[in-house]
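Student: Before I ask anything, here is the structure I am working with.
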Amino acid sequence: MVEHSIYPENQEMVITTSQVNFFYGQTQALFGISLLIPAKQVTALIGPSGCGKSTFLRCLNRMNDTIPHGRVEGEIFINAKDIYAPGTDVVELRKEVGMVFQKSNPFPKSIFDNVAYGPRIHGEKNPKRLAEIVEQSLQQAAIWDEVKDRLHANAMGLSGGQQQRLCIARALAVGPKILLMDEPASALDPKATTRIEDLIGELRTNYTIVIVTHNMQQAARVSDYTAFFYEGQLIECDQTPKIFTNPRQKQTEDYITGRFG
Amino acid sequence: MNKLKNTFYPLTAPKLFITDKLMRLLLMGAASTSVLVVCLIFLFLFKEAGPFAFKPGLGKLLDSQWIPVSFQQERFGVGSLLSGSALVTALAMLVTVPISVLVAIYIAEIARPGEREFLKPFIEILASIPSVVLGFFGLLVVAPLVKATFGLSTGLTALTGALLLSLMAIPTIISLSEDALVSVPYALKNASLALGASQLQTIFRVTLPAALPGIVAAVMLGIGRVIGETMAVLMVTGNAAILTASPLSSVRTMTATIAAEMGEVPFGSIHYQALFWIGIILLVITFALNIVAQRVLKKYGMMK
């Protein structure tokens, strides 16, 4: 059950999920997930491989819609709107809820065009306005200084860490309130990982961030709240220091201390 | 390392090794036949066509008309044939490319798995129809249709030929374009969808541009197929060796010329050699198209 006690009294909640089940065909991957995501905080989802944390993350912007025979049950409210209600505009939802993937996936276009892609598909044509959005997004993603002189170079020429920050900039350019990050640093070297983690620390002042991570130290470093998933169930969610020092559930403790996973 | 290998090598190894070697030679021989055949074809084409270059000289091929049999002056201008081939091919591509690419997009990106399984066999059957059979279809169905539609005196036109050739090129271009589209990484499509792009926006702004090199190569291979096609065009383009840009006029392609005249030409005559020159030109064109297409595919890593 969701326990409000772990959050400060005036904490605003952006995402509320209740009893979310997810099925890949006949296989159930999520079992009754009820979780609150607090506004402008970083919530980390941790757990061993296959525990459903990524599946859950992808339910939040309906990226699971593309999975053949995928099926969601339960309710997910984002800003008090049921995102699985009939007639929900998925385009609007995804503008609101940005996503950064595990493997950086810039388009084989220029750096500028990558960042401008989102605003353009949402109808922004004014070149001046686009240039502003691109600069602002690249600055927020802490990559502006590295690329400002070669905005029209192909994005595939950037390093892995730069590509990932570019992808973050691209996600920010559509003006989301929430940022979903699916193991954003797992394919990067330690230095690039540090940069991404620093970036998350900066972004949390303006964005609600949900980050899936394999790396418990990373969860401990970057997040305010941590949710532990195991075999498709939400075992517990608490303030990050508490999860890592004094978890309530035995399973969480076993995982944290490295007894499995 | 060597010592270890010797120590543990199985005793039966030498025998195995010999059969291995024999097998390897046999297979290599089989594989090199294709290289040999290509070389031989080039060799014999040039051998048969060769004397033409000295007498009457290659300049004759640039003549404005193709009148290979005449009481006054034989003329061997391949220009009108080349233009016939070019016109028919260009028209065919004009019809084929949009249709094929759209069908490929549908099959690769939009169709449900069931629809895909249903559609693909039909496209493969289309690819396997013999061109003579398509030629019949052209004579009986397409030509009267073209005649009636445009109020012509004959339906045997460049357009008729182009329409038939489209039927032949469409399957090739569809399946190669589909491969190119399918090989665009999911990560790119997901990135686009996650930014709030619709499926169509994703297809036209991300998937299609990323697959473009493959599609271009597919189109070039399709052109190669079309330009070399003989039977159907021979039957339906009207066989008039005239220099024209009108789709509704009768034309004659290079392939049709060779097929129609080779049976009656005196062996070794100048006319005979001229026909071989047409063959060489055709071979060079298709060869070049194939090489360019393979290069494009390879460069963008789409070779299977």
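Ordering of the structure tokens sets the chain letters (A, B, ...); residue numbers start at 1 within each chain; ligands are numbered from 1 in the order shown.
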With a distance threshold of 7 Å and counting only C-alpha atoms, extract the residues of chain A near chain B and express them as a ChimeraX atom specification.

Tutor: /A:63,91-92,94-95,98-99,105,107,118,121,171

Student: May I have the selected residues written with N, CA and C atoms, as a CSV table (one decimal), in the first residue's frame?

Tutor:
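Wrote part.csv, looks like this:
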```
chain,number,residue,atom,x,y,z
A,63,MET,N,4.7,4.2,-23.5
A,63,MET,CA,5.6,3.6,-24.5
A,63,MET,C,5.3,2.1,-24.7
A,91,VAL,N,0.1,12.1,-27.7
A,91,VAL,CA,1.0,13.1,-28.1
A,91,VAL,C,1.2,14.1,-26.9
A,92,GLU,N,0.1,14.6,-26.4
A,92,GLU,CA,0.1,15.5,-25.3
A,92,GLU,C,0.8,14.9,-24.1
A,94,ARG,N,3.1,12.6,-24.0
A,94,ARG,CA,4.5,12.5,-24.2
A,94,ARG,C,5.2,13.8,-24.2
A,95,LYS,N,4.5,14.8,-24.5
A,95,LYS,CA,5.1,16.2,-24.4
A,95,LYS,C,5.3,16.5,-23.0
A,98,GLY,N,8.7,13.4,-20.7
A,98,GLY,CA,9.8,13.1,-21.6
A,98,GLY,C,10.5,11.8,-21.2
A,99,MET,N,11.3,11.2,-22.1
A,99,MET,CA,12.0,10.0,-21.8
A,99,MET,C,13.4,9.9,-22.3
A,105,ASN,N,20.3,7.4,-28.2
A,105,ASN,CA,19.7,7.1,-29.5
A,105,ASN,C,19.5,8.4,-30.3
A,107,PHE,N,19.2,10.9,-33.4
A,107,PHE,CA,18.8,10.6,-34.8
A,107,PHE,C,20.1,10.9,-35.7
A,118,GLY,N,11.7,17.6,-31.7
A,118,GLY,CA,10.5,17.7,-30.9
A,118,GLY,C,9.6,18.9,-31.2
A,121,ILE,N,8.0,18.9,-34.7
A,121,ILE,CA,6.8,18.0,-34.9
A,121,ILE,C,5.6,18.6,-34.2
A,171,ALA,N,15.0,15.7,-25.2
A,171,ALA,CA,13.8,15.4,-24.4
A,171,ALA,C,13.3,16.7,-23.8
```

Student: With stretch 75-85 of chain A as the partner and 12 Å as the cut-off, tabulate the residues of stretch 154-231 of chain A that qualify, each row holding the nearest pair of atoms and their distance in Å to one decimal, using only C-alpha atoms, sorted by chain and rising number, as CSV.

Tutor:
```
residue,atom,partner,partner_atom,distance
A:Lys177,CA,A:Asn79,CA,9.9
A:Ile178,CA,A:Ile78,CA,9.5
A:Thr208,CA,A:Ile78,CA,11.4
```

Student: Env of stretch 153-170 of chain A: 6 Å cut, atoms = only C-alpha atoms, seq-sep filter 5 positions within chain, self excluded. Answer as an MDAnalysis selection string.

Tutor: chainID A and resid 104 109:111 115 137:138 141 192

Student: Could you write out that same residue set with C-alpha atoms as a compact mmCIF listing (two decimals), in the first residue's frame?

Tutor:
```txt
# COMPACT_ATOMS: atom_id res chain seq x y z
CA SER A 104 21.76 6.96 -26.36
CA LYS A 109 20.89 14.21 -38.14
CA SER A 110 22.72 17.33 -37.02
CA ILE A 111 22.93 18.26 -33.34
CA VAL A 115 17.08 18.98 -30.46
CA SER A 137 17.81 22.85 -23.97
CA LEU A 138 21.47 22.20 -24.68
CA ALA A 141 21.57 19.46 -20.45
CA ALA A 192 30.41 10.40 -18.30
```

Student: Check the DSSP output for the backbone and give back, as a PyMOL selection string, the residues of stretch 37-277 of chain B in helix (DSSP H, G or I).

Tutor: chain B and resi 37-53+58-62+79-110+113-128+131-150+158-182+186-194+199-228+231-236+254-261+270-277

Student: A:Met13: which residues within 7 Å, counting only C-alpha atoms, same-chain residues fewer than 6 positions away excluded, as a ChimeraX atom specification?

Tutor: /A:36-39

Student: Mind writing the picked residues with C-alpha atoms as a tab-separated table (two decimals), in the first residue's frame?

Tutor:
```
chain	number	residue	atom	x	y	z
A	36	LEU	CA	3.26	8.00	-5.72
A	37	ILE	CA	5.83	10.11	-7.53
A	38	PRO	CA	6.51	13.41	-5.75
A	39	ALA	CA	6.90	16.64	-7.74
```

Student: Check stretch 9-218 of chain B with DSSP on the backbone and list each residue it calls strand (DSSP E), as a short mmCIF file (atom, residue, chain, number, x, y, z; two decimals) with N, CA and C atoms, in the first residue's frame.

Tutor:
```
data_model
loop_
_atom_site.label_atom_id
_atom_site.label_comp_id
_atom_site.auth_asym_id
_atom_site.auth_seq_id
_atom_site.Cartn_x
_atom_site.Cartn_y
_atom_site.Cartn_z
N TRP B 66 18.43 4.33 -86.54
CA TRP B 66 18.75 2.91 -86.57
C TRP B 66 18.02 2.30 -87.76
N ILE B 67 18.75 2.15 -88.89
CA ILE B 67 18.19 1.48 -90.07
C ILE B 67 19.20 0.43 -90.49
N ARG B 75 22.20 2.38 -91.33
CA ARG B 75 22.55 3.31 -90.25
C ARG B 75 22.40 2.61 -88.91
N PHE B 76 23.38 2.85 -88.05
CA PHE B 76 23.41 2.12 -86.78
C PHE B 76 23.42 3.07 -85.58
#
```

Student: For B:Leu164, please output as an mmCIF file with N, CA, C and O atoms, in the first residue's frame all residues within 8 Å (counting only C-alpha atoms; exclusion window: fewer than 5 positions along the same chain).

Tutor:
```cif
data_model
loop_
_atom_site.group_PDB
_atom_site.id
_atom_site.type_symbol
_atom_site.label_atom_id
_atom_site.label_comp_id
_atom_site.auth_asym_id
_atom_site.auth_seq_id
_atom_site.Cartn_x
_atom_site.Cartn_y
_atom_site.Cartn_z
ATOM 1 N N ALA B 92 8.670 3.830 -66.142
ATOM 2 C CA ALA B 92 8.419 2.710 -65.238
ATOM 3 C C ALA B 92 8.771 3.094 -63.805
ATOM 4 O O ALA B 92 8.032 2.799 -62.860
ATOM 5 N N LEU B 134 3.450 -11.831 -68.576
ATOM 6 C CA LEU B 134 3.104 -10.428 -68.367
ATOM 7 C C LEU B 134 2.896 -9.727 -69.699
ATOM 8 O O LEU B 134 2.045 -8.861 -69.843
ATOM 9 N N GLY B 135 3.687 -10.137 -70.701
ATOM 10 C CA GLY B 135 3.559 -9.565 -72.039
ATOM 11 C C GLY B 135 2.165 -9.823 -72.610
ATOM 12 O O GLY B 135 1.527 -8.920 -73.164
ATOM 13 N N GLY B 138 -0.133 -7.660 -70.999
ATOM 14 C CA GLY B 138 0.037 -6.314 -71.543
ATOM 15 C C GLY B 138 -0.704 -6.135 -72.855
ATOM 16 O O GLY B 138 -1.421 -5.155 -73.058
ATOM 17 N N ALA B 232 8.684 -8.608 -72.395
ATOM 18 C CA ALA B 232 7.459 -7.826 -72.268
ATOM 19 C C ALA B 232 7.506 -6.560 -73.113
ATOM 20 O O ALA B 232 6.551 -6.223 -73.801
ATOM 21 N N VAL B 233 8.670 -5.891 -73.081
ATOM 22 C CA VAL B 233 8.747 -4.647 -73.855
ATOM 23 C C VAL B 233 8.710 -4.920 -75.355
ATOM 24 O O VAL B 233 8.148 -4.160 -76.127
#
```

Student: List as a ChimeraX atom specification the protein and nucleic acid residues near B:Gly228, meaning an atom at most 9 Å away when only C-alpha atoms are counted, but skip any in the same chain fewer than 3 places from it.

Tutor: /B:85,223-225,254-255,282-283,286

Student: Using only C-alpha atoms, which protein or nucleic acid residues come within 10 Å of A:Glu202? Drop anything in the same chain fewer than 4 positions from it, and give the result as an mmCIF file with N, CA, C and O atoms, in the first residue's frame.

Tutor:
```
data_model
loop_
_atom_site.group_PDB
_atom_site.id
_atom_site.type_symbol
_atom_site.label_atom_id
_atom_site.label_comp_id
_atom_site.auth_asym_id
_atom_site.auth_seq_id
_atom_site.Cartn_x
_atom_site.Cartn_y
_atom_site.Cartn_z
ATOM 1 N N GLN A 140 20.615 23.524 -20.582
ATOM 2 C CA GLN A 140 20.067 22.780 -19.442
ATOM 3 C C GLN A 140 20.683 21.399 -19.321
ATOM 4 O O GLN A 140 20.836 20.869 -18.232
ATOM 5 N N ALA A 141 20.999 20.798 -20.483
ATOM 6 C CA ALA A 141 21.570 19.455 -20.454
ATOM 7 C C ALA A 141 23.087 19.487 -20.302
ATOM 8 O O ALA A 141 23.758 18.469 -20.457
ATOM 9 N N ALA A 142 23.623 20.677 -20.019
ATOM 10 C CA ALA A 142 25.051 20.854 -19.749
ATOM 11 C C ALA A 142 25.941 20.342 -20.873
ATOM 12 O O ALA A 142 26.951 19.689 -20.654
ATOM 13 N N ILE A 196 26.345 12.833 -15.994
ATOM 14 C CA ILE A 196 24.894 12.628 -16.072
ATOM 15 C C ILE A 196 24.281 12.774 -14.675
ATOM 16 O O ILE A 196 23.239 13.404 -14.491
ATOM 17 N N GLU A 197 24.966 12.218 -13.672
ATOM 18 C CA GLU A 197 24.430 12.307 -12.310
ATOM 19 C C GLU A 197 24.386 13.757 -11.826
ATOM 20 O O GLU A 197 23.412 14.185 -11.212
ATOM 21 N N ASP A 198 25.459 14.502 -12.139
ATOM 22 C CA ASP A 198 25.460 15.927 -11.782
ATOM 23 C C ASP A 198 24.295 16.639 -12.455
ATOM 24 O O ASP A 198 23.615 17.474 -11.848
ATOM 25 N N ASN A 206 13.803 21.771 -11.459
ATOM 26 C CA ASN A 206 12.710 22.136 -12.354
ATOM 27 C C ASN A 206 11.841 20.976 -12.811
ATOM 28 O O ASN A 206 10.748 21.177 -13.314
ATOM 29 N N TYR A 207 12.369 19.766 -12.676
ATOM 30 C CA TYR A 207 11.648 18.620 -13.235
ATOM 31 C C TYR A 207 11.421 17.546 -12.182
ATOM 32 O O TYR A 207 12.198 17.395 -11.249
#
```
